[in-house]
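Reading through the structure tokens given below for one structure.
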Amino acid sequence: MHAVRILAVINQKGGVGKTTTVANLGAAIAASGRDICVVDLDAQTHLTLHLGIEPGTPSASIYDVLVCDAPLASVVLPIAPHLWLVPSVIDLAGGEIELVGMVRREQILRDRIGAANLPYEFLLIDCPPSLGLLTLNALAAADEVIIPLQPHFLALQGLGKLLETVSLVRRRINPKLRVGGVVLCMYESTTRLAAEVVADLRGFFDAARGAAVPWAEARIFQTVIRRNVKLAESPSHGKTIFDYEPHSNGAADYRALADEFLTCYPAPADNVPAGATLAPSASMDPSPDAPADTGVQPVAAGALPSLSLQTEQPQPQ
């Protein structure tokens, strides 16, 4: 059996599209025939609600896995063909306090995943909007970090603290951890600010190529998620965007993102679904109603303050 790829979707800033991305990217990956399990690690239970499950209705949740030593496989719920969910519950808010006194408290989720022998190709973790103990558990378990980012200046500044945390976790707990990429959400191609933020972000990642930092190979996904009211409406109906409004811009964007994502993670040779095909990628037409191309030109110096992050220096042996 192939090893599951574990990706933590994380940003300590709330409202940037983490849960929307986990739910809809997960659904689009499943629609392509690739097995994926999404994990709701947030006590707000938004991912659980988004996928049509009432929190507390399942007999067990991620709380039981972390606090009560339940096997991970025992709490997994089937949602759709090739798509599974580990639900959350509001009790997880207190669970973070309960974890504080436990041995290896930052590595409990990693230990549970390691003992589970999961049959999925991907495990996509929806992290809470904080850099607390639950998020540290996700980072300790993950192979890669995916960062949804709204292209605003303050979001860019918050990225610095997030990357510092990723660097610290890699140095002390999870040496394989790296930043896989940034997904631009709520993107408005008609604004200059979005282009300036992307240019600043691109320059920062380009400067880190070859450095001893977790984001040295990070990509900015070319597919961006446009601001779309249907994406905001679908969670209240307990549906992904593909079930709620399959012909919307939001559905087209997440299909295109799934196509791009899966080119980065080819299926194992022994696990290619027979006859599986991906939905056509959305056109990168620069018009406001088409997915915007993030290949922007550099802006003049001083248009935005630089993303000031120090690269990690090799530690003395």
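Chains: A, B, ... in order of the structure tokens. Residues: from 1 per chain. Ligands: from 1, in order shown.
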Close residues, Leu184 in chain A itself excluded, 9 Å, only C-alpha atoms, min 4 positions apart in chain, as an MDAnalysis selection string: chainID A and resid 16:17 147:151 198 220:226 294
Selection: 12 Å around range 103-109 of chain A, only C-alpha atoms, excl. self and same-chain fewer than 6 positions, as a ChimeraX atom specification: /A:6,8,39,41,62-72,95-97,115-116,125,131-142,169,172-174
Closest of A:Tyr244, A:Lys230, A:His152, A:Lys176 to Arg192 in chain A - atom-to-atom distances counting only C-alpha atoms: A:His152
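Note that DSSP on the backbone gives strand (DSSP E or B) to these residues of range 64-164 of chain A: Leu77, Pro78, Ile79, Ala80, Leu83, Trp84, Leu85, Val86, Phe122, Leu123, Leu124, Ile125, Asp126, Glu144, Val145, Ile146, Ile147, Pro148 and Leu149 of chain A.
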Counting only C-alpha atoms, the residue of A:His46, A:Arg110, A:His82, A:Arg209 that sits nearest Ser234 in chain A: A:His46
Alpha helix (DSSP H) call set, DSSP backbone run, range 3-153 of chain A, as a PyMOL selection string: chain A and resi 18-31+46-50+62-67+92-99+108-114+133-141+153
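Using only C-alpha atoms, the nearest neighbour of Ser61 in chain A within the list A:Phe153, A:Met186, A:Glu217, A:Thr45 is A:Thr45.
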Can you list every residue of range 165-194 of chain A that has an atom at most 12 Å from range 248-270 of chain A, with its nearest atom pair and the distance in Å to one decimal, using only C-alpha atoms, ordered by chain then number, as a tab-separated table?
residue	atom	partner	partner_atom	distance
A:Gly180	CA	A:Cys264	CA	9.6
A:Gly181	CA	A:Phe261	CA	9.8
A:Val182	CA	A:Phe261	CA	11.3
A:Val183	CA	A:Leu257	CA	8.7
A:Leu184	CA	A:Leu257	CA	10.5
A:Cys185	CA	A:Asp253	CA	10.0
A:Met186	CA	A:Gly250	CA	9.9
A:Tyr187	CA	A:Asp253	CA	10.9
